[in-house]
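A quick write-up on the structure given underneath.
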Amino acid sequence: MPSSPVLPDPFSETSAIPPRKLSPAAQAQLPGARRLHMGHFAFMRAVVQGLDTRDSWNRYLRMEGEHDDIRNVRRTIQWIRDEFAAAARRSERHGIARLIQIDANVIDDKAVKIPSLEDFAAEHGLEDFSQAEQIEHYQSRYGNVQPNQSRRRRLIVRQLDAIRWLEELAVQPPQPDDPIATWLNPDLAAHLEKSGIDTLRQLADRMNGIGYRWAASVRAIGQGKAERIVSWLRAHEATLGLSIGEHVLKRRNALQPTELAGIVAPTTAIVPLEKLIIPAALDGRNGHNRLPQAECRITADHDLAAVHAWIGAKGGAARQAEHQGRAAEIHHADAADTSNGKSVPLTHTQRAYLKEAERLLLWAVVQRKMALSSMMAEDCDAYLQFLGDPKPTDVWCGPRGRGKWSPLWRPFEGPLSAAARRHAATVLKSLFSFLVDTGYLHHNPWSGARLTSAASEARTQQIQRRLSRDQWRFLHDRLSALPDTSANRRLQFGLRLIEATSLRLSEAVTLRVDDLQCITESEQGKDAPVTWRVKVRGGPKQRIKYLALDNSLIDLLKAYLQSRGLHADPLHPDNRGAHLLGKAVDIGKQAPWSAPYRKTVDPKEGIAPGTLYDQLKAFFADCADVIDDSASAKKLAAASTDWLRYAEADRRLEP
């Protein structure tokens with residue numbers, strides 16, 4: 001009988017494996033890739049024992065995909081083996097690293113069958129001997145090996161011992177600020193990261209903040225994968241310290257209003273007004289600007305009730321009565337009671353006014369630590385400055401469309417424009433005027449609020465929308481280095497045309513060669529250079545104006561026309577009617593999969609403004625991605641076609 005290959009035996013049959021903790025040096029070498037969790041070890045115990053892995057896969061590793069995907073299952077098993085082996089090698093247990101890579105299920109077990117004690121006694125005529133004597137003879141022949149313990153079985157036992165040792169060594173509980181790539185399937189993690197979800201905490205926040213369809217906007221993650229990720233997070237809630245709400249498991253139309261109302265707990269933080277707990281010292285009962293309660297002509301003894309009285313006054317007599325009743329009941333226990341799910345219906349005007357009052361009240365209580373009725377003129381000015389840049393951004397600002405039931409709701413989407421700030425000041429001035437007129441406040445601090453004029457704001461925006469000389473130089477260098485395609489030639493000419501003439505996008509795409517005029521020496525006098533100009537019809541009254549064109553721009557136009565199959569001379573009769581900015585004529589070469597009708601292009605045909613706009617924005621975004629300076633990258637990413645119109649002024653202003 002041929003001898004079986006020698007198996008790695010890193011430890012004896014009888015001795016236990018002493019756990020060996022990683023040294024600091026070994027810990028420093030741990031890769032930043034995925035980590036092993038208890039589910040990996042539980043699944044591998046089933047694999048090693050040759051059991052049907054479907055149940056253990058669905059229980060522990062369903063987030064990796066479906067068990068029916070055999071290639072994925074095999075790839076996952078091999079990855080786990082590799083990680084086990086790497087963990088063993090980091091602890092200098094190379095024998096275990098080799099052992100764990102062996103698949104016991106493919107071992108061709110040809111070991112000699114060992115008889116039982118009874119069969120051995122009958123074969124050797126030992127039936128009349130005592131059991132002790134039979135065992136003595138049996139061991140003298142076969143040693144201490146158990147009758148049914150084959151070589152494959154011994155390997156499985158050693159591998160299971162190794163898995164137990166590795167689990168004690170390598171398993172780490174997931175932490176809320178761990179990168180998602182540490183725990184999730186690499187493909188899933190990559191798609192989530194592209195959607196701005198980098199940590200397990202952010203993932204849980206998104207689930208709780210959006211609910212059942214939290215992954216709807218994440219590419220390549222359908223409802224099945226989303227449910228598997230939710231199941232994994234819920235299974236690790238205890239170690240993560242994060243809770244996934246029950247509303248994440250239900251469709252929105254299956255949730256009751258009371259279930260949504262209970263998602264965000266009442267607190268003193270940036271929460272909707274109905275969830276805000278206002279401390280007694282800041283509720284306005286003792287506000288510095290308060291009149292005696294006896295002089296107050298509304299049913300309100302604190303600021304929140306006074307705000308609701310004002311909102312009611314903006315909705316007609318019926319709604320005013322409802323809100324006055326609400327003002328008398330609200331804030332009874334220092335918080336709004338929304339447990340009954342009832343709310344007073346609001347008009348569009350009331351909702352708009354309540355939004356401004358809510359923002360101010362949150363700012364005063366949470367950030368300014370003062371009562372609304374204690375605000376003075378300097379506080380009003382500080383609030384207007386805050387509206388221009390709400391900080392901290394992650395606390396005050398969030399994406400549009402988050403309902404007030406959501407933990408992701410925020411009062412702002414971002415900084416308010418000057419017009420929005422003026423509107424807010426007008427609304428809040430109205431609020432405080434109402435409180436003064438009804439005897440709640442002594443005076444209106446918003447009467448002297450300093451507002452930025454529309455003209456001043458326009459000048460500020462014009463300054464902000466300018467690129468430096470170095471930034472323009474970088475744009476031109478990138479523009480010149482673009483591959484030689486018809487679309488890129490159009491971009492090169494179009495960008496420089498708008499830059500040189502300050503034309504609007506809609507004006508630039510309507511220009512034709514027929515609008516060009518060449519002024520020769522005979523028209524200007526002897527020795528005068530040839531100059532070009534273009535006739536533009538634009539503005540509210542469609543007035544005609546003439547703009548000078550640099551000869552270098554005309555040279556660029558000549559090369560561009562020639563690349564489209566037109567005559568190089570813009571004024572050649574064959575070019576009559578051709579747009580200066582035309583469609584790409586190399587669609588068949590650049591995109592051979594395109595439909596036949598798209599490959600046949602009239603070289604004289606023009607483009608829509610949106611085509612050039614999208615191309616310019618994509619170019620700016622590409623420049624932002626490759627530039628080294630983060631400030632310049634941010635500015636280039638925000639640049640638009642309007643910025644090109646300030647280029648000439650920028651160069652005149654800079655030394």
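For the structure tokens, the naming scheme is as follows: chains receive sequential letters (A, B, ...) according to their order of presentation, residues are indexed from 1 within each chain, and ligands are indexed from 1 in presentation order.
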
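Residues within 8 Å of Thr641 in chain A, counting only C-alpha atoms and excluding same-chain residues fewer than 5 positions away, are A:Leu505, A:Tyr613, A:Leu616, A:Lys617.
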
Atoms kept (N, CA and C atoms) for selection, written as a short mmCIF file (atom, residue, chain, number, x, y, z; two decimals), in the first residue's frame:
```
data_model
loop_
_atom_site.label_atom_id
_atom_site.label_comp_id
_atom_site.auth_asym_id
_atom_site.auth_seq_id
_atom_site.Cartn_x
_atom_site.Cartn_y
_atom_site.Cartn_z
N LEU A 505 -23.75 81.78 -23.13
CA LEU A 505 -23.72 80.48 -23.79
C LEU A 505 -24.74 80.42 -24.92
N TYR A 613 -22.57 73.39 -22.46
CA TYR A 613 -22.54 73.55 -21.00
C TYR A 613 -22.06 72.27 -20.33
N LEU A 616 -18.31 71.77 -20.93
CA LEU A 616 -17.48 72.67 -20.13
C LEU A 616 -17.47 72.25 -18.66
N LYS A 617 -18.63 71.88 -18.11
CA LYS A 617 -18.69 71.45 -16.71
C LYS A 617 -17.87 70.19 -16.50
#
```

(message) With only C-alpha atoms as the counted atoms, please give the residues lying no more than 12 Å from Arg402 in chain A, apart from itself and same-chain residues fewer than 5 positions off, as a ChimeraX atom specification.
(response) /A:206,208-211,214,272,397,407-413

(request) Go through A:Lys558, A:Arg576, A:Arg478, A:Lys250 and flag the residue nearest Ala621 in chain A, using only C-alpha atoms for the distances. (result)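 Closest to Ala621 in chain A of all the choices is A:Arg478.
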
(message) List as a PyMOL selection string the protein and nucleic acid residues near range 174-189 of chain A, meaning an atom at most 9 Å away when only C-alpha atoms are counted, but skip any in the same chain fewer than 5 places from it.
(response) chain A and resi 32-37+63-65+194+197-204+220-221+225+229+236+239-242

Please dump the current selection as a PDB file, in the first residue's frame; keep N, CA and C atoms.
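Generated output (result.pdb):
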```pdb
ATOM      1  N   GLY A  32      -5.095  46.744   6.273  1.00  0.00           N
ATOM      2  CA  GLY A  32      -6.276  47.580   6.474  1.00  0.00           C
ATOM      3  C   GLY A  32      -7.480  47.080   5.701  1.00  0.00           C
ATOM      4  N   ALA A  33      -7.377  45.839   5.179  1.00  0.00           N
ATOM      5  CA  ALA A  33      -8.478  45.305   4.398  1.00  0.00           C
ATOM      6  C   ALA A  33      -9.546  44.724   5.320  1.00  0.00           C
ATOM      7  N   ARG A  34     -10.336  43.795   4.794  1.00  0.00           N
ATOM      8  CA  ARG A  34     -11.453  43.257   5.559  1.00  0.00           C
ATOM      9  C   ARG A  34     -10.982  42.490   6.783  1.00  0.00           C
ATOM     10  N   ARG A  35     -11.827  42.485   7.798  1.00  0.00           N
ATOM     11  CA  ARG A  35     -11.535  41.746   9.020  1.00  0.00           C
ATOM     12  C   ARG A  35     -12.447  40.539   9.125  1.00  0.00           C
ATOM     13  N   LEU A  36     -12.011  39.602   9.953  1.00  0.00           N
ATOM     14  CA  LEU A  36     -12.781  38.389  10.191  1.00  0.00           C
ATOM     15  C   LEU A  36     -13.737  38.604  11.356  1.00  0.00           C
ATOM     16  N   HIS A  37     -14.973  38.146  11.188  1.00  0.00           N
ATOM     17  CA  HIS A  37     -15.899  38.177  12.314  1.00  0.00           C
ATOM     18  C   HIS A  37     -16.298  36.744  12.662  1.00  0.00           C
ATOM     19  N   MET A  63     -24.692  38.141   3.582  1.00  0.00           N
ATOM     20  CA  MET A  63     -24.346  39.454   3.037  1.00  0.00           C
ATOM     21  C   MET A  63     -23.362  39.342   1.872  1.00  0.00           C
ATOM     22  N   GLU A  64     -22.627  38.208   1.784  1.00  0.00           N
ATOM     23  CA  GLU A  64     -21.664  38.031   0.696  1.00  0.00           C
ATOM     24  C   GLU A  64     -22.344  37.736  -0.635  1.00  0.00           C
ATOM     25  N   GLY A  65     -23.626  37.386  -0.592  1.00  0.00           N
ATOM     26  CA  GLY A  65     -24.338  37.032  -1.810  1.00  0.00           C
ATOM     27  C   GLY A  65     -25.172  35.784  -1.585  1.00  0.00           C
ATOM     28  N   LYS A 194     -18.889  55.162  -2.947  1.00  0.00           N
ATOM     29  CA  LYS A 194     -19.164  56.122  -4.018  1.00  0.00           C
ATOM     30  C   LYS A 194     -20.373  56.993  -3.697  1.00  0.00           C
ATOM     31  N   ILE A 197     -20.823  56.926   1.792  1.00  0.00           N
ATOM     32  CA  ILE A 197     -20.958  56.164   3.038  1.00  0.00           C
ATOM     33  C   ILE A 197     -19.641  55.463   3.294  1.00  0.00           C
ATOM     34  N   ASP A 198     -18.887  55.933   4.276  1.00  0.00           N
ATOM     35  CA  ASP A 198     -17.545  55.416   4.503  1.00  0.00           C
ATOM     36  C   ASP A 198     -17.423  54.562   5.758  1.00  0.00           C
ATOM     37  N   THR A 199     -18.246  54.781   6.764  1.00  0.00           N
ATOM     38  CA  THR A 199     -18.124  54.058   8.025  1.00  0.00           C
ATOM     39  C   THR A 199     -19.438  53.353   8.362  1.00  0.00           C
ATOM     40  N   LEU A 200     -19.347  52.417   9.305  1.00  0.00           N
ATOM     41  CA  LEU A 200     -20.544  51.710   9.739  1.00  0.00           C
ATOM     42  C   LEU A 200     -21.530  52.662  10.407  1.00  0.00           C
ATOM     43  N   ARG A 201     -21.034  53.678  11.093  1.00  0.00           N
ATOM     44  CA  ARG A 201     -21.924  54.658  11.714  1.00  0.00           C
ATOM     45  C   ARG A 201     -22.713  55.424  10.651  1.00  0.00           C
ATOM     46  N   GLN A 202     -22.028  55.853   9.600  1.00  0.00           N
ATOM     47  CA  GLN A 202     -22.715  56.558   8.520  1.00  0.00           C
ATOM     48  C   GLN A 202     -23.737  55.653   7.839  1.00  0.00           C
ATOM     49  N   LEU A 203     -23.409  54.374   7.723  1.00  0.00           N
ATOM     50  CA  LEU A 203     -24.332  53.421   7.121  1.00  0.00           C
ATOM     51  C   LEU A 203     -25.590  53.281   7.970  1.00  0.00           C
ATOM     52  N   ALA A 204     -25.416  53.138   9.286  1.00  0.00           N
ATOM     53  CA  ALA A 204     -26.575  53.030  10.180  1.00  0.00           C
ATOM     54  C   ALA A 204     -27.394  54.318  10.177  1.00  0.00           C
ATOM     55  N   ALA A 220     -26.184  49.618  -7.994  1.00  0.00           N
ATOM     56  CA  ALA A 220     -25.890  48.182  -7.949  1.00  0.00           C
ATOM     57  C   ALA A 220     -26.233  47.527  -6.619  1.00  0.00           C
ATOM     58  N   ILE A 221     -26.956  48.220  -5.753  1.00  0.00           N
ATOM     59  CA  ILE A 221     -27.420  47.594  -4.507  1.00  0.00           C
ATOM     60  C   ILE A 221     -28.944  47.628  -4.524  1.00  0.00           C
ATOM     61  N   LYS A 225     -29.848  42.899  -1.643  1.00  0.00           N
ATOM     62  CA  LYS A 225     -28.555  43.183  -1.012  1.00  0.00           C
ATOM     63  C   LYS A 225     -28.735  44.134   0.166  1.00  0.00           C
ATOM     64  N   ILE A 229     -27.527  43.555   4.131  1.00  0.00           N
ATOM     65  CA  ILE A 229     -26.678  44.469   4.902  1.00  0.00           C
ATOM     66  C   ILE A 229     -27.372  44.875   6.201  1.00  0.00           C
ATOM     67  N   HIS A 236     -25.112  42.711  14.717  1.00  0.00           N
ATOM     68  CA  HIS A 236     -23.957  43.231  15.461  1.00  0.00           C
ATOM     69  C   HIS A 236     -24.303  44.506  16.233  1.00  0.00           C
ATOM     70  N   THR A 239     -22.378  44.944  19.753  1.00  0.00           N
ATOM     71  CA  THR A 239     -20.974  45.358  19.739  1.00  0.00           C
ATOM     72  C   THR A 239     -20.791  46.732  19.101  1.00  0.00           C
ATOM     73  N   LEU A 240     -21.651  47.078  18.144  1.00  0.00           N
ATOM     74  CA  LEU A 240     -21.534  48.378  17.486  1.00  0.00           C
ATOM     75  C   LEU A 240     -22.057  49.515  18.360  1.00  0.00           C
ATOM     76  N   GLY A 241     -23.007  49.202  19.224  1.00  0.00           N
ATOM     77  CA  GLY A 241     -23.639  50.266  19.995  1.00  0.00           C
ATOM     78  C   GLY A 241     -24.548  51.121  19.135  1.00  0.00           C
ATOM     79  N   LEU A 242     -24.956  50.600  17.982  1.00  0.00           N
ATOM     80  CA  LEU A 242     -25.845  51.304  17.063  1.00  0.00           C
ATOM     81  C   LEU A 242     -27.133  50.501  16.926  1.00  0.00           C
TER      82      LEU A 242
END
```

(request) Can you work out which one of A:Thr520, A:Gln101, A:Asn58, A:Gln492 has the shortest atom-to-atom distance to Leu553 in chain A, counting only C-alpha atoms? (result)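 Smallest distance to Leu553 in chain A is found for A:Gln492.
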
(message) When you look at range 39-41 of chain A with a cut-off of 8 Å (counting only C-alpha atoms), what residues show up, excluding the ones that are within fewer than 6 positions of it in the same chain? I need them as a ChimeraX atom specification.
(response) /A:60-61,80,163,167

(request) Write out as a ChimeraX atom specification all residues of range 337-378 of chain A that DSSP puts in helix (DSSP H, G or I) for this structure's backbone. (result) /A:348-367,372-374,377-378

Could you take the residues named above and write them with C-alpha atoms, as a PDB file, in the first residue's frame?
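Wrote it out as result-v1.pdb, contents follow:
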```
ATOM      1  CA  HIS A 348     -48.198  77.421   2.550  1.00  0.00           C
ATOM      2  CA  THR A 349     -47.528  80.834   4.132  1.00  0.00           C
ATOM      3  CA  GLN A 350     -47.688  79.403   7.633  1.00  0.00           C
ATOM      4  CA  ARG A 351     -45.229  76.635   6.747  1.00  0.00           C
ATOM      5  CA  ALA A 352     -42.797  79.157   5.252  1.00  0.00           C
ATOM      6  CA  TYR A 353     -43.035  81.424   8.310  1.00  0.00           C
ATOM      7  CA  LEU A 354     -42.758  78.500  10.734  1.00  0.00           C
ATOM      8  CA  LYS A 355     -39.562  77.371   8.994  1.00  0.00           C
ATOM      9  CA  GLU A 356     -37.900  80.741   9.648  1.00  0.00           C
ATOM     10  CA  ALA A 357     -39.106  80.850  13.260  1.00  0.00           C
ATOM     11  CA  GLU A 358     -37.950  77.283  13.830  1.00  0.00           C
ATOM     12  CA  ARG A 359     -34.458  78.045  12.531  1.00  0.00           C
ATOM     13  CA  LEU A 360     -34.145  81.118  14.744  1.00  0.00           C
ATOM     14  CA  LEU A 361     -35.434  79.356  17.854  1.00  0.00           C
ATOM     15  CA  LEU A 362     -33.031  76.426  17.355  1.00  0.00           C
ATOM     16  CA  TRP A 363     -30.109  78.811  16.845  1.00  0.00           C
ATOM     17  CA  ALA A 364     -31.008  80.869  19.925  1.00  0.00           C
ATOM     18  CA  VAL A 365     -31.523  77.908  22.268  1.00  0.00           C
ATOM     19  CA  VAL A 366     -28.976  75.345  21.017  1.00  0.00           C
ATOM     20  CA  GLN A 367     -26.146  77.500  19.663  1.00  0.00           C
ATOM     21  CA  LEU A 372     -35.743  84.068  21.937  1.00  0.00           C
ATOM     22  CA  SER A 373     -37.258  86.877  24.003  1.00  0.00           C
ATOM     23  CA  SER A 374     -33.775  87.922  25.211  1.00  0.00           C
ATOM     24  CA  ALA A 377     -29.996  93.907  17.845  1.00  0.00           C
ATOM     25  CA  GLU A 378     -26.443  92.464  17.940  1.00  0.00           C
TER      26      GLU A 378
END
```

(request) Work out how far CA of Gly414 in chain A is from CA of Gly398 in chain A, in Å to one decimal. (result)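 Calculated distance between CA of Gly398 in chain A and CA of Gly414 in chain A is 7.4 Å.
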
(request) Would you please work out which residue, of A:Leu581, A:Val157, A:Leu192, A:Ala559, is nearest to Ala104 in chain A when using only C-alpha atoms? (result) A:Val157

(message) Under the rule that only C-alpha atoms are counted, which of A:Ala578, A:Leu495, A:Val264, A:Val585 is the nearest residue to Gln615 in chain A?
(response)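 For Gln615 in chain A, the nearest of the given residues is A:Leu495.
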
(request) Take CA of Leu51 in chain A and CA of Arg93 in chain A and report the distance between them in Å, one decimal. (result)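 Going from CA of Leu51 in chain A over to CA of Arg93 in chain A, I get 27.2 Å.
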
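Taking CA of Arg290 in chain A and CA of Ile270 in chain A as endpoints, the distance between them is 25.2 Å.
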
(request) Return the single residue from A:Ala132, A:Leu441, A:Met376, A:Ile156 that is closest to Gly284 in chain A, with distances computed using only C-alpha atoms. (result)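 Using only C-alpha atoms, the shortest distance to Gly284 in chain A belongs to A:Leu441.
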
(request) With a distance cut-off of 12 Å and only C-alpha atoms, select the neighbouring residues of Val248 in chain A, excluding the residue or stretch itself and same-chain residues fewer than 5 positions from it, and output the selection as a ChimeraX atom specification. (result) /A:204-215,223,226-227,229-231,233-234,243,254-255,259-260,263,406

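If you measure from each of A:Gly196, A:Pro570, A:Gly494, A:Gly538 to Pro609 in chain A using only C-alpha atoms, the closest one turns out to be A:Gly494.
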
(request) Please identify all polymer residues within 10 Å of Thr426 in chain A, counting only C-alpha atoms, omitting same-chain residues fewer than 4 positions from it, and present them as a list in words. (result)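 Answer for this query is Glu356, Ala420, Arg421, Arg422, Ser430, Leu431, Trp446, Ser447 and Ala449 of chain A.
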
(request) Could you give me, as a list in words, the residues within 9 Å of Ile107 in chain A, counting only C-alpha atoms and dropping anything in the same chain fewer than 5 positions from it? (result)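 What passes the distance filter is Ile102, Arg151 and Arg152 of chain A.
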